[in-house]
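I have placed the structure first, in the form of structure tokens, so that the comments after it can refer back to it.
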Amino acid sequence: MALSIGHGYDVHAFCEGRPLVLGGVVVPCDRGLAGHSDADVVTHALMDAVCGACRLGDIGRLFPDDDPAYAGADSLVLLSRVMGFAREAGYELLDCDCTVAAQAPRLAPHRDAMRSAMARAMGCDVSRVGLKATTTERLGFVGREEGIEAWAVCLMERP
Ligand SMILES: Nc1ccn([C@@H]2O[C@H](COP(=O)(O)O)[C@@H](O)[C@H]2O)c(=O)n1
Ligand SMILES: C[C@@]1(CO)OP(=O)(O)OP(=O)(O)OC[C@H]1O
């Protein structure tokens with residue numbers, strides 16, 4: 001049995017007129033995030049972590065951001081496709097954990113809904129998906145509420 005770890009990071013800027021989608025959940029907010037897809041920065045970080053562990057490249061390689069097929073794409077659908085590629089390559093998810101840095105809005109009330117949504121997309125039990133939120137104490141671009149960033153790690157097993 002071989003274990004492999006993956007790490008992912010993503011950032012998206014706030015913009016007007018879009019829903020704020022994080023971990024597959026629409027979080028009430030007066031702004032959303034800019035992007036070619038739904039700009040779900042948490043799910044993007046998690047996808048890149050899985051890509052890293054399974055040596056699949058990265059999400060830009062799998063889902064190019066100049067491909068009209070991904071305009072407004074639901075990132076949970078992409079996450080489920082990434083897990084499909086991972087399973088085809090012989091990997092299974094053991095555990096993953098995400099951190100999202102957002103000065104606002106408050107995300108703790110949505111934590112379990114995000115964990116459930118991402119777990120459903122990955123075809124695993126919610127107990128395998130961790131998620132934490134933090135502010136950056138008003139420091140940097142996150143602290144100035146210009147954008148949101150997220151990190152994820154995952155542990156994959158190849159029997
Ligand atoms: N967007 C956020 C940021 C943080 N939280 C919760 O608040 C706790 C304290 O955050 P600090 O940045 O002050 O350390 C954090 O552990 C989260 O539980 C949140 O819900 N939404
Ligand atoms: C998933 C994709 C698809 O366009 O989403 P984007 O919204 O472009 O987000 P980004 O994290 O900049 O790049 C990843 C892309 O592959």
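Going by the structure tokens order, chains are called A, B, ..., each with residues numbered from 1, while ligands are numbered from 1 in the order shown.
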Check which residues fall inside 8 Å of ligand 1 when counting only C-alpha atoms and all ligand atoms, and print them as a ChimeraX atom specification. /A:100-109,132-137
Limited to C-alpha atoms, could you put the picked residues into a file as a compact mmCIF listing (two decimals), in the first residue's frame?
# COMPACT_ATOMS: atom_id res chain seq x y z
CA VAL A 100 -10.11 29.27 4.12
CA ALA A 101 -8.92 32.79 4.94
CA ALA A 102 -11.72 35.36 4.69
CA GLN A 103 -12.07 38.55 6.66
CA ALA A 104 -15.80 38.37 5.99
CA PRO A 105 -18.38 36.94 5.84
CA ARG A 106 -18.43 34.66 8.86
CA LEU A 107 -18.11 31.09 7.64
CA ALA A 108 -18.38 28.96 10.79
CA PRO A 109 -22.17 28.62 10.45
CA LYS A 132 -11.48 25.66 9.11
CA ALA A 133 -11.98 29.37 8.59
CA THR A 134 -9.78 32.18 9.73
CA THR A 135 -9.54 35.91 9.24
CA THR A 136 -6.13 37.46 8.68
CA GLU A 137 -6.70 40.00 11.47
Can you tell me which residues come within 12 Å of ligand 2 when counting only C-alpha atoms and all ligand atoms, ideally as a count of residues only? 54
Please determine, counting only C-alpha atoms, which residue among A:Met83, A:Arg144, A:Leu131, A:Arg18 has the shortest atom-to-atom distance to His110 (chain A). A:Leu131
Between CA of Ala2 (chain A) and CA of Cys98 (chain A), distance in Å (one decimal): 22.6 Å
Please compute the CA of Val25 (chain A)-CA of Met114 (chain A) distance, one decimal, in Å. 5.8 Å
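Atom to atom, CA of Glu157 (chain A) and CA of Met1 (chain A) stand 6.9 Å apart.
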Hey, which of A:Cys29, A:Leu22, A:Ala53, A:Val129 ends up closest to Asp95 (chain A)? Count only C-alpha atoms. A:Val129
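With only C-alpha atoms as the atoms that count, the minimum distance from Glu16 (chain A) to the choices A:Gly84, A:Arg31, A:Leu155, A:Leu3 is reached by A:Arg31.
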Closest to Ala117 (chain A) among A:Leu20, A:Gly6, A:Val153, A:Ser80, using only C-alpha atoms? A:Ser80
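For region 57-142 of chain A, the set of residues given strand (DSSP E) by DSSP on the backbone reads A:Glu92, A:Leu93, A:Leu94, A:Asp95, A:Cys96, A:Asp97, A:Cys98, A:Thr99, A:Val100, A:Ala101, A:Val129, A:Gly130, A:Leu131, A:Lys132, A:Ala133, A:Thr134.
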Atoms to include: C-alpha atoms. Write the selected residues as an mmCIF file, in the first residue's frame.
data_model
loop_
_atom_site.group_PDB
_atom_site.id
_atom_site.type_symbol
_atom_site.label_atom_id
_atom_site.label_comp_id
_atom_site.auth_asym_id
_atom_site.auth_seq_id
_atom_site.Cartn_x
_atom_site.Cartn_y
_atom_site.Cartn_z
ATOM 1 C CA GLU A 92 -8.634 6.446 -2.898
ATOM 2 C CA LEU A 93 -9.033 9.371 -0.517
ATOM 3 C CA LEU A 94 -8.127 8.707 3.111
ATOM 4 C CA ASP A 95 -8.445 12.210 4.500
ATOM 5 C CA CYS A 96 -8.386 15.869 3.550
ATOM 6 C CA ASP A 97 -8.436 19.220 5.314
ATOM 7 C CA CYS A 98 -9.021 22.771 4.072
ATOM 8 C CA THR A 99 -8.337 26.222 5.498
ATOM 9 C CA VAL A 100 -10.106 29.274 4.123
ATOM 10 C CA ALA A 101 -8.923 32.794 4.941
ATOM 11 C CA VAL A 129 -13.242 16.183 5.175
ATOM 12 C CA GLY A 130 -12.001 18.932 7.501
ATOM 13 C CA LEU A 131 -12.554 22.650 7.049
ATOM 14 C CA LYS A 132 -11.477 25.657 9.109
ATOM 15 C CA ALA A 133 -11.977 29.365 8.587
ATOM 16 C CA THR A 134 -9.777 32.183 9.728
#
For the structure I just gave you, how does DSSP split chain A - specifically, which residues are helix (DSSP H, G or I)? Reply as a PyMOL selection string. chain A and resi 41-53+59-62+68-70+75-88+108-122+126-128+140-143
Residues near Ala89 (chain A), anyone? I mean within 9 Å using only C-alpha atoms, not counting same-chain ones fewer than 3 positions away, as a list in words. Cys54, Gly84, Phe85, Ala86 and Arg158 of chain A
